[in-house]
Amino acid sequence: PTSEGHKATCTQLLNGMGKARVTMAIQPDTWVRPKDLRPLRLQQQRKVAVSIGVSAGGKASYCVVSRPSGAPEFDALVCRLISMRATFDPALDQEGVPVPSAYDREWLY
């Protein structure tokens with residue numbers, strides 16, 4: 001498609017969304033802090049991927065490890081901290097009403 005055709009398609013899609021928006025994390029770098037991990041005495045860097053349920057109120061409703069780090073105690077701690085600390089601007093439907101959603105993220109420590 002031409003550049004003009006592409007712009008028209010994008011505009012049409014955006015207009016069709018109304019007031020809808022995706023979930024936006026609020027300060028995700030503060031959810032799990034290096035000092036939280038010190039008691040684990042990790043000998044190497046770890047990377048864990050999680051899927052977080054987000055309530056219409058912007059709180060974490062669940063945390064599931066989608067790609068484990070290889071250190072189960074690390075993975076469990078990350079999800080526990082996320083469940084306690086994570087906040088979001090929730091997703092909105094086309095009328096602008098908050099709706100439950102999910103948020104995926106990978107952490108490297």
# chains A, B, ... in the order shown; residues from 1 in each chain; ligands from 1
>>> residues_around(residues="stretch 36-48 of chain A", least_positions_apart="4", cutoff="12 Å", atoms="only C-alpha atoms", output="PyMOL selection string")
chain A and resi 30-32+63-82+104-109
>>> write_last_selection(atoms="N, CA and C atoms", output="short mmCIF file (atom, residue, chain, number, x, y, z; two decimals), in the first residue's frame")
data_model
loop_
_atom_site.label_atom_id
_atom_site.label_comp_id
_atom_site.auth_asym_id
_atom_site.auth_seq_id
_atom_site.Cartn_x
_atom_site.Cartn_y
_atom_site.Cartn_z
N THR A 30 10.04 -0.08 40.18
CA THR A 30 10.02 -0.02 41.65
C THR A 30 9.34 -1.23 42.27
N TRP A 31 8.78 -2.10 41.48
CA TRP A 31 8.05 -3.24 42.02
C TRP A 31 8.98 -4.26 42.66
N VAL A 32 10.13 -4.52 42.04
CA VAL A 32 11.12 -5.45 42.57
C VAL A 32 12.43 -4.70 42.61
N CYS A 63 -0.16 -13.20 39.36
CA CYS A 63 1.15 -13.16 38.72
C CYS A 63 1.55 -14.60 38.43
N VAL A 64 1.87 -14.88 37.19
CA VAL A 64 2.26 -16.22 36.77
C VAL A 64 3.59 -16.13 36.04
N VAL A 65 4.52 -17.00 36.40
CA VAL A 65 5.81 -17.05 35.71
C VAL A 65 5.58 -17.71 34.36
N SER A 66 5.87 -16.98 33.30
CA SER A 66 5.70 -17.52 31.95
C SER A 66 7.00 -18.08 31.39
N ARG A 67 8.13 -17.60 31.89
CA ARG A 67 9.44 -18.14 31.50
C ARG A 67 10.31 -18.09 32.74
N PRO A 68 10.50 -19.24 33.40
CA PRO A 68 11.26 -19.27 34.66
C PRO A 68 12.73 -18.93 34.49
N SER A 69 13.32 -18.48 35.59
CA SER A 69 14.72 -18.09 35.60
C SER A 69 15.65 -19.27 35.86
N GLY A 70 15.10 -20.36 36.38
CA GLY A 70 15.95 -21.48 36.79
C GLY A 70 16.17 -21.47 38.30
N ALA A 71 15.71 -20.42 38.98
CA ALA A 71 15.80 -20.32 40.43
C ALA A 71 14.38 -20.13 40.98
N PRO A 72 13.71 -21.22 41.37
CA PRO A 72 12.31 -21.14 41.79
C PRO A 72 12.05 -20.13 42.91
N GLU A 73 12.97 -20.02 43.86
CA GLU A 73 12.77 -19.07 44.97
C GLU A 73 12.80 -17.63 44.47
N PHE A 74 13.62 -17.35 43.48
CA PHE A 74 13.69 -16.03 42.85
C PHE A 74 12.37 -15.73 42.13
N ASP A 75 11.92 -16.68 41.33
CA ASP A 75 10.68 -16.50 40.58
C ASP A 75 9.50 -16.24 41.52
N ALA A 76 9.41 -17.02 42.59
CA ALA A 76 8.31 -16.87 43.55
C ALA A 76 8.37 -15.50 44.23
N LEU A 77 9.56 -15.05 44.58
CA LEU A 77 9.71 -13.74 45.23
C LEU A 77 9.30 -12.62 44.28
N VAL A 78 9.72 -12.70 43.04
CA VAL A 78 9.37 -11.67 42.06
C VAL A 78 7.85 -11.58 41.94
N CYS A 79 7.17 -12.71 41.80
CA CYS A 79 5.70 -12.67 41.68
C CYS A 79 5.04 -12.17 42.97
N ARG A 80 5.57 -12.55 44.12
CA ARG A 80 5.00 -12.09 45.39
C ARG A 80 5.11 -10.57 45.50
N LEU A 81 6.28 -10.02 45.15
CA LEU A 81 6.48 -8.57 45.22
C LEU A 81 5.60 -7.83 44.21
N ILE A 82 5.49 -8.38 43.01
CA ILE A 82 4.64 -7.77 42.00
C ILE A 82 3.19 -7.76 42.48
N ASP A 104 2.37 -8.29 30.39
CA ASP A 104 3.52 -9.20 30.38
C ASP A 104 4.79 -8.39 30.48
N ARG A 105 5.75 -8.92 31.24
CA ARG A 105 6.99 -8.20 31.43
C ARG A 105 8.11 -9.20 31.74
N GLU A 106 9.32 -8.81 31.37
CA GLU A 106 10.51 -9.61 31.66
C GLU A 106 11.41 -8.78 32.57
N TRP A 107 11.96 -9.40 33.61
CA TRP A 107 12.88 -8.74 34.51
C TRP A 107 14.24 -9.45 34.48
N LEU A 108 15.28 -8.65 34.54
CA LEU A 108 16.66 -9.16 34.60
C LEU A 108 17.30 -8.60 35.85
N TYR A 109 17.80 -9.49 36.69
CA TYR A 109 18.47 -9.07 37.93
C TYR A 109 19.78 -9.81 38.08
#
>>> residues_around(residues="A:Met24", least_positions_apart="4", cutoff="9 Å", atoms="only C-alpha atoms", output="PyMOL selection string")
chain A and resi 87-91+103
>>> select_by_dssp(residues="stretch 9-89 of chain A", states="strand (DSSP E or B)", output="PDB file with N, CA, C and O atoms, in the first residue's frame")
ATOM      1  N   ARG A  21      -7.927   1.951  25.438  1.00  0.00           N
ATOM      2  CA  ARG A  21      -6.465   1.994  25.577  1.00  0.00           C
ATOM      3  C   ARG A  21      -6.006   0.714  26.273  1.00  0.00           C
ATOM      4  O   ARG A  21      -6.783   0.046  26.938  1.00  0.00           O
ATOM      5  N   MET A  24      -1.388   0.257  31.171  1.00  0.00           N
ATOM      6  CA  MET A  24      -0.095   0.919  31.287  1.00  0.00           C
ATOM      7  C   MET A  24       0.430   0.756  32.717  1.00  0.00           C
ATOM      8  O   MET A  24      -0.270   1.091  33.680  1.00  0.00           O
ATOM      9  N   ALA A  25       1.628   0.211  32.829  1.00  0.00           N
ATOM     10  CA  ALA A  25       2.248   0.002  34.132  1.00  0.00           C
ATOM     11  C   ALA A  25       2.695   1.336  34.721  1.00  0.00           C
ATOM     12  O   ALA A  25       3.163   2.216  34.001  1.00  0.00           O
ATOM     13  N   ILE A  26       2.555   1.465  36.042  1.00  0.00           N
ATOM     14  CA  ILE A  26       3.016   2.656  36.745  1.00  0.00           C
ATOM     15  C   ILE A  26       4.288   2.293  37.502  1.00  0.00           C
ATOM     16  O   ILE A  26       4.265   1.456  38.401  1.00  0.00           O
ATOM     17  N   LYS A  47      16.939 -13.938  34.775  1.00  0.00           N
ATOM     18  CA  LYS A  47      15.910 -13.300  33.958  1.00  0.00           C
ATOM     19  C   LYS A  47      14.642 -14.127  34.104  1.00  0.00           C
ATOM     20  O   LYS A  47      14.664 -15.346  33.958  1.00  0.00           O
ATOM     21  N   VAL A  48      13.555 -13.444  34.428  1.00  0.00           N
ATOM     22  CA  VAL A  48      12.273 -14.119  34.581  1.00  0.00           C
ATOM     23  C   VAL A  48      11.214 -13.318  33.816  1.00  0.00           C
ATOM     24  O   VAL A  48      11.256 -12.091  33.802  1.00  0.00           O
ATOM     25  N   ALA A  49      10.310 -14.021  33.165  1.00  0.00           N
ATOM     26  CA  ALA A  49       9.193 -13.381  32.468  1.00  0.00           C
ATOM     27  C   ALA A  49       7.916 -13.752  33.205  1.00  0.00           C
ATOM     28  O   ALA A  49       7.740 -14.903  33.614  1.00  0.00           O
ATOM     29  N   VAL A  50       7.047 -12.766  33.398  1.00  0.00           N
ATOM     30  CA  VAL A  50       5.800 -12.989  34.107  1.00  0.00           C
ATOM     31  C   VAL A  50       4.621 -12.424  33.328  1.00  0.00           C
ATOM     32  O   VAL A  50       4.769 -11.512  32.520  1.00  0.00           O
ATOM     33  N   SER A  51       3.462 -12.982  33.598  1.00  0.00           N
ATOM     34  CA  SER A  51       2.195 -12.460  33.085  1.00  0.00           C
ATOM     35  C   SER A  51       1.391 -12.052  34.311  1.00  0.00           C
ATOM     36  O   SER A  51       1.234 -12.836  35.255  1.00  0.00           O
ATOM     37  N   ILE A  52       0.917 -10.818  34.296  1.00  0.00           N
ATOM     38  CA  ILE A  52       0.225 -10.250  35.450  1.00  0.00           C
ATOM     39  C   ILE A  52      -1.212  -9.940  35.059  1.00  0.00           C
ATOM     40  O   ILE A  52      -1.463  -9.263  34.054  1.00  0.00           O
ATOM     41  N   GLY A  53      -2.155 -10.428  35.844  1.00  0.00           N
ATOM     42  CA  GLY A  53      -3.546 -10.053  35.648  1.00  0.00           C
ATOM     43  C   GLY A  53      -3.751  -8.669  36.238  1.00  0.00           C
ATOM     44  O   GLY A  53      -3.225  -8.361  37.303  1.00  0.00           O
ATOM     45  N   VAL A  54      -4.481  -7.823  35.539  1.00  0.00           N
ATOM     46  CA  VAL A  54      -4.720  -6.458  36.001  1.00  0.00           C
ATOM     47  C   VAL A  54      -6.227  -6.261  36.161  1.00  0.00           C
ATOM     48  O   VAL A  54      -6.985  -6.461  35.210  1.00  0.00           O
ATOM     49  N   LYS A  59      -5.025  -2.881  39.953  1.00  0.00           N
ATOM     50  CA  LYS A  59      -4.171  -3.679  40.845  1.00  0.00           C
ATOM     51  C   LYS A  59      -3.884  -5.034  40.219  1.00  0.00           C
ATOM     52  O   LYS A  59      -4.651  -5.534  39.387  1.00  0.00           O
ATOM     53  N   ALA A  60      -2.773  -5.642  40.640  1.00  0.00           N
ATOM     54  CA  ALA A  60      -2.432  -6.985  40.160  1.00  0.00           C
ATOM     55  C   ALA A  60      -3.404  -7.987  40.771  1.00  0.00           C
ATOM     56  O   ALA A  60      -3.589  -8.026  41.986  1.00  0.00           O
ATOM     57  N   SER A  61      -4.040  -8.796  39.928  1.00  0.00           N
ATOM     58  CA  SER A  61      -4.964  -9.815  40.426  1.00  0.00           C
ATOM     59  C   SER A  61      -4.312 -11.199  40.463  1.00  0.00           C
ATOM     60  O   SER A  61      -4.770 -12.083  41.160  1.00  0.00           O
ATOM     61  N   TYR A  62      -3.253 -11.377  39.702  1.00  0.00           N
ATOM     62  CA  TYR A  62      -2.451 -12.600  39.747  1.00  0.00           C
ATOM     63  C   TYR A  62      -1.108 -12.336  39.096  1.00  0.00           C
ATOM     64  O   TYR A  62      -0.937 -11.359  38.366  1.00  0.00           O
ATOM     65  N   CYS A  63      -0.160 -13.201  39.365  1.00  0.00           N
ATOM     66  CA  CYS A  63       1.152 -13.164  38.721  1.00  0.00           C
ATOM     67  C   CYS A  63       1.548 -14.600  38.435  1.00  0.00           C
ATOM     68  O   CYS A  63       1.527 -15.442  39.341  1.00  0.00           O
ATOM     69  N   VAL A  64       1.869 -14.882  37.192  1.00  0.00           N
ATOM     70  CA  VAL A  64       2.260 -16.221  36.771  1.00  0.00           C
ATOM     71  C   VAL A  64       3.594 -16.126  36.045  1.00  0.00           C
ATOM     72  O   VAL A  64       3.773 -15.265  35.185  1.00  0.00           O
ATOM     73  N   VAL A  65       4.520 -16.998  36.401  1.00  0.00           N
ATOM     74  CA  VAL A  65       5.806 -17.046  35.709  1.00  0.00           C
ATOM     75  C   VAL A  65       5.583 -17.706  34.359  1.00  0.00           C
ATOM     76  O   VAL A  65       5.141 -18.852  34.277  1.00  0.00           O
ATOM     77  N   SER A  66       5.872 -16.978  33.297  1.00  0.00           N
ATOM     78  CA  SER A  66       5.696 -17.521  31.952  1.00  0.00           C
ATOM     79  C   SER A  66       6.997 -18.080  31.386  1.00  0.00           C
ATOM     80  O   SER A  66       6.983 -18.923  30.502  1.00  0.00           O
ATOM     81  N   ARG A  67       8.127 -17.604  31.885  1.00  0.00           N
ATOM     82  CA  ARG A  67       9.439 -18.144  31.497  1.00  0.00           C
ATOM     83  C   ARG A  67      10.309 -18.094  32.744  1.00  0.00           C
ATOM     84  O   ARG A  67      10.804 -17.044  33.127  1.00  0.00           O
ATOM     85  N   THR A  87       1.043  -1.451  40.304  1.00  0.00           N
ATOM     86  CA  THR A  87      -0.136  -0.634  40.026  1.00  0.00           C
ATOM     87  C   THR A  87      -0.141  -0.276  38.544  1.00  0.00           C
ATOM     88  O   THR A  87       0.913  -0.206  37.904  1.00  0.00           O
ATOM     89  N   PHE A  88      -1.331  -0.051  38.030  1.00  0.00           N
ATOM     90  CA  PHE A  88      -1.511   0.186  36.607  1.00  0.00           C
ATOM     91  C   PHE A  88      -2.582   1.247  36.367  1.00  0.00           C
ATOM     92  O   PHE A  88      -3.476   1.432  37.189  1.00  0.00           O
ATOM     93  N   ASP A  89      -2.469   1.888  35.223  1.00  0.00           N
ATOM     94  CA  ASP A  89      -3.600   2.584  34.642  1.00  0.00           C
ATOM     95  C   ASP A  89      -4.284   1.476  33.856  1.00  0.00           C
ATOM     96  O   ASP A  89      -3.703   0.944  32.900  1.00  0.00           O
TER      97      ASP A  89
END
>>> select_by_dssp(residues="chain A", states="alpha helix (DSSP H)", output="count of residues only")
32
>>> closest_residue(among="A:Ala86, A:Leu92, A:Ala102, A:Val97", to="A:Gln27", atoms="only C-alpha atoms")
A:Ala86
>>> atom_distance(atom1="atom CA of A:Gly96", atom2="atom CA of A:Gly57")
13.2 Å
>>> atom_distance(atom1="atom CA of A:Pro28", atom2="atom CA of A:Gly58")
12.9 Å
>>> closest_residue(among="A:Thr23, A:Asp29, A:Lys35, A:Ala56", to="A:Pro98", atoms="only C-alpha atoms")
A:Ala56
>>> decode(residues="stretch 48-63 of chain A", atoms="all heavy atoms", output="short mmCIF file (atom, residue, chain, number, x, y, z; two decimals), in the first residue's frame")
data_model
loop_
_atom_site.label_atom_id
_atom_site.label_comp_id
_atom_site.auth_asym_id
_atom_site.auth_seq_id
_atom_site.Cartn_x
_atom_site.Cartn_y
_atom_site.Cartn_z
N VAL A 48 13.56 -13.44 34.43
CA VAL A 48 12.27 -14.12 34.58
C VAL A 48 11.21 -13.32 33.82
O VAL A 48 11.26 -12.09 33.80
CB VAL A 48 11.88 -14.28 36.07
CG1 VAL A 48 11.71 -12.93 36.75
CG2 VAL A 48 10.62 -15.11 36.23
N ALA A 49 10.31 -14.02 33.16
CA ALA A 49 9.19 -13.38 32.47
C ALA A 49 7.92 -13.75 33.20
O ALA A 49 7.74 -14.90 33.61
CB ALA A 49 9.13 -13.84 31.02
N VAL A 50 7.05 -12.77 33.40
CA VAL A 50 5.80 -12.99 34.11
C VAL A 50 4.62 -12.42 33.33
O VAL A 50 4.77 -11.51 32.52
CB VAL A 50 5.82 -12.36 35.52
CG1 VAL A 50 6.90 -12.98 36.39
CG2 VAL A 50 5.99 -10.86 35.46
N SER A 51 3.46 -12.98 33.60
CA SER A 51 2.20 -12.46 33.09
C SER A 51 1.39 -12.05 34.31
O SER A 51 1.23 -12.84 35.25
CB SER A 51 1.46 -13.53 32.29
OG SER A 51 0.27 -12.99 31.74
N ILE A 52 0.92 -10.82 34.30
CA ILE A 52 0.23 -10.25 35.45
C ILE A 52 -1.21 -9.94 35.06
O ILE A 52 -1.46 -9.26 34.05
CB ILE A 52 0.92 -8.95 35.90
CG1 ILE A 52 2.41 -9.20 36.17
CG2 ILE A 52 0.23 -8.35 37.13
CD1 ILE A 52 3.25 -7.95 36.17
N GLY A 53 -2.15 -10.43 35.84
CA GLY A 53 -3.55 -10.05 35.65
C GLY A 53 -3.75 -8.67 36.24
O GLY A 53 -3.23 -8.36 37.30
N VAL A 54 -4.48 -7.82 35.54
CA VAL A 54 -4.72 -6.46 36.00
C VAL A 54 -6.23 -6.26 36.16
O VAL A 54 -6.98 -6.46 35.21
CB VAL A 54 -4.16 -5.42 35.00
CG1 VAL A 54 -4.40 -4.01 35.50
CG2 VAL A 54 -2.67 -5.66 34.77
N SER A 55 -6.63 -5.90 37.37
CA SER A 55 -8.05 -5.66 37.63
C SER A 55 -8.49 -4.34 37.00
O SER A 55 -7.66 -3.50 36.66
CB SER A 55 -8.31 -5.62 39.13
OG SER A 55 -7.80 -4.42 39.68
N ALA A 56 -9.79 -4.15 36.90
CA ALA A 56 -10.33 -2.89 36.37
C ALA A 56 -9.94 -1.73 37.29
O ALA A 56 -9.92 -0.59 36.86
CB ALA A 56 -11.84 -2.98 36.23
N GLY A 57 -9.59 -2.04 38.53
CA GLY A 57 -9.15 -1.01 39.49
C GLY A 57 -7.67 -0.70 39.42
O GLY A 57 -7.18 0.15 40.15
N GLY A 58 -6.92 -1.39 38.55
CA GLY A 58 -5.51 -1.10 38.37
C GLY A 58 -4.55 -1.83 39.29
O GLY A 58 -3.38 -1.47 39.41
N LYS A 59 -5.03 -2.88 39.95
CA LYS A 59 -4.17 -3.68 40.85
C LYS A 59 -3.88 -5.03 40.22
O LYS A 59 -4.65 -5.53 39.39
CB LYS A 59 -4.86 -3.89 42.20
CG LYS A 59 -5.16 -2.63 42.95
CD LYS A 59 -3.90 -1.98 43.43
CE LYS A 59 -4.22 -0.74 44.25
NZ LYS A 59 -3.06 0.01 44.60
N ALA A 60 -2.77 -5.64 40.64
CA ALA A 60 -2.43 -6.99 40.16
C ALA A 60 -3.40 -7.99 40.77
O ALA A 60 -3.59 -8.03 41.99
CB ALA A 60 -1.00 -7.34 40.55
N SER A 61 -4.04 -8.80 39.93
CA SER A 61 -4.96 -9.81 40.43
C SER A 61 -4.31 -11.20 40.46
O SER A 61 -4.77 -12.08 41.16
CB SER A 61 -6.24 -9.84 39.57
OG SER A 61 -5.94 -10.06 38.21
N TYR A 62 -3.25 -11.38 39.70
CA TYR A 62 -2.45 -12.60 39.75
C TYR A 62 -1.11 -12.34 39.10
O TYR A 62 -0.94 -11.36 38.37
CB TYR A 62 -3.15 -13.79 39.06
CG TYR A 62 -3.34 -13.63 37.57
CD1 TYR A 62 -2.31 -13.92 36.67
CD2 TYR A 62 -4.55 -13.21 37.05
CE1 TYR A 62 -2.47 -13.77 35.31
CE2 TYR A 62 -4.73 -13.07 35.67
CZ TYR A 62 -3.69 -13.35 34.82
OH TYR A 62 -3.86 -13.21 33.46
N CYS A 63 -0.16 -13.20 39.36
CA CYS A 63 1.15 -13.16 38.72
C CYS A 63 1.55 -14.60 38.43
O CYS A 63 1.53 -15.44 39.34
CB CYS A 63 2.18 -12.50 39.63
SG CYS A 63 3.86 -12.49 38.92
#
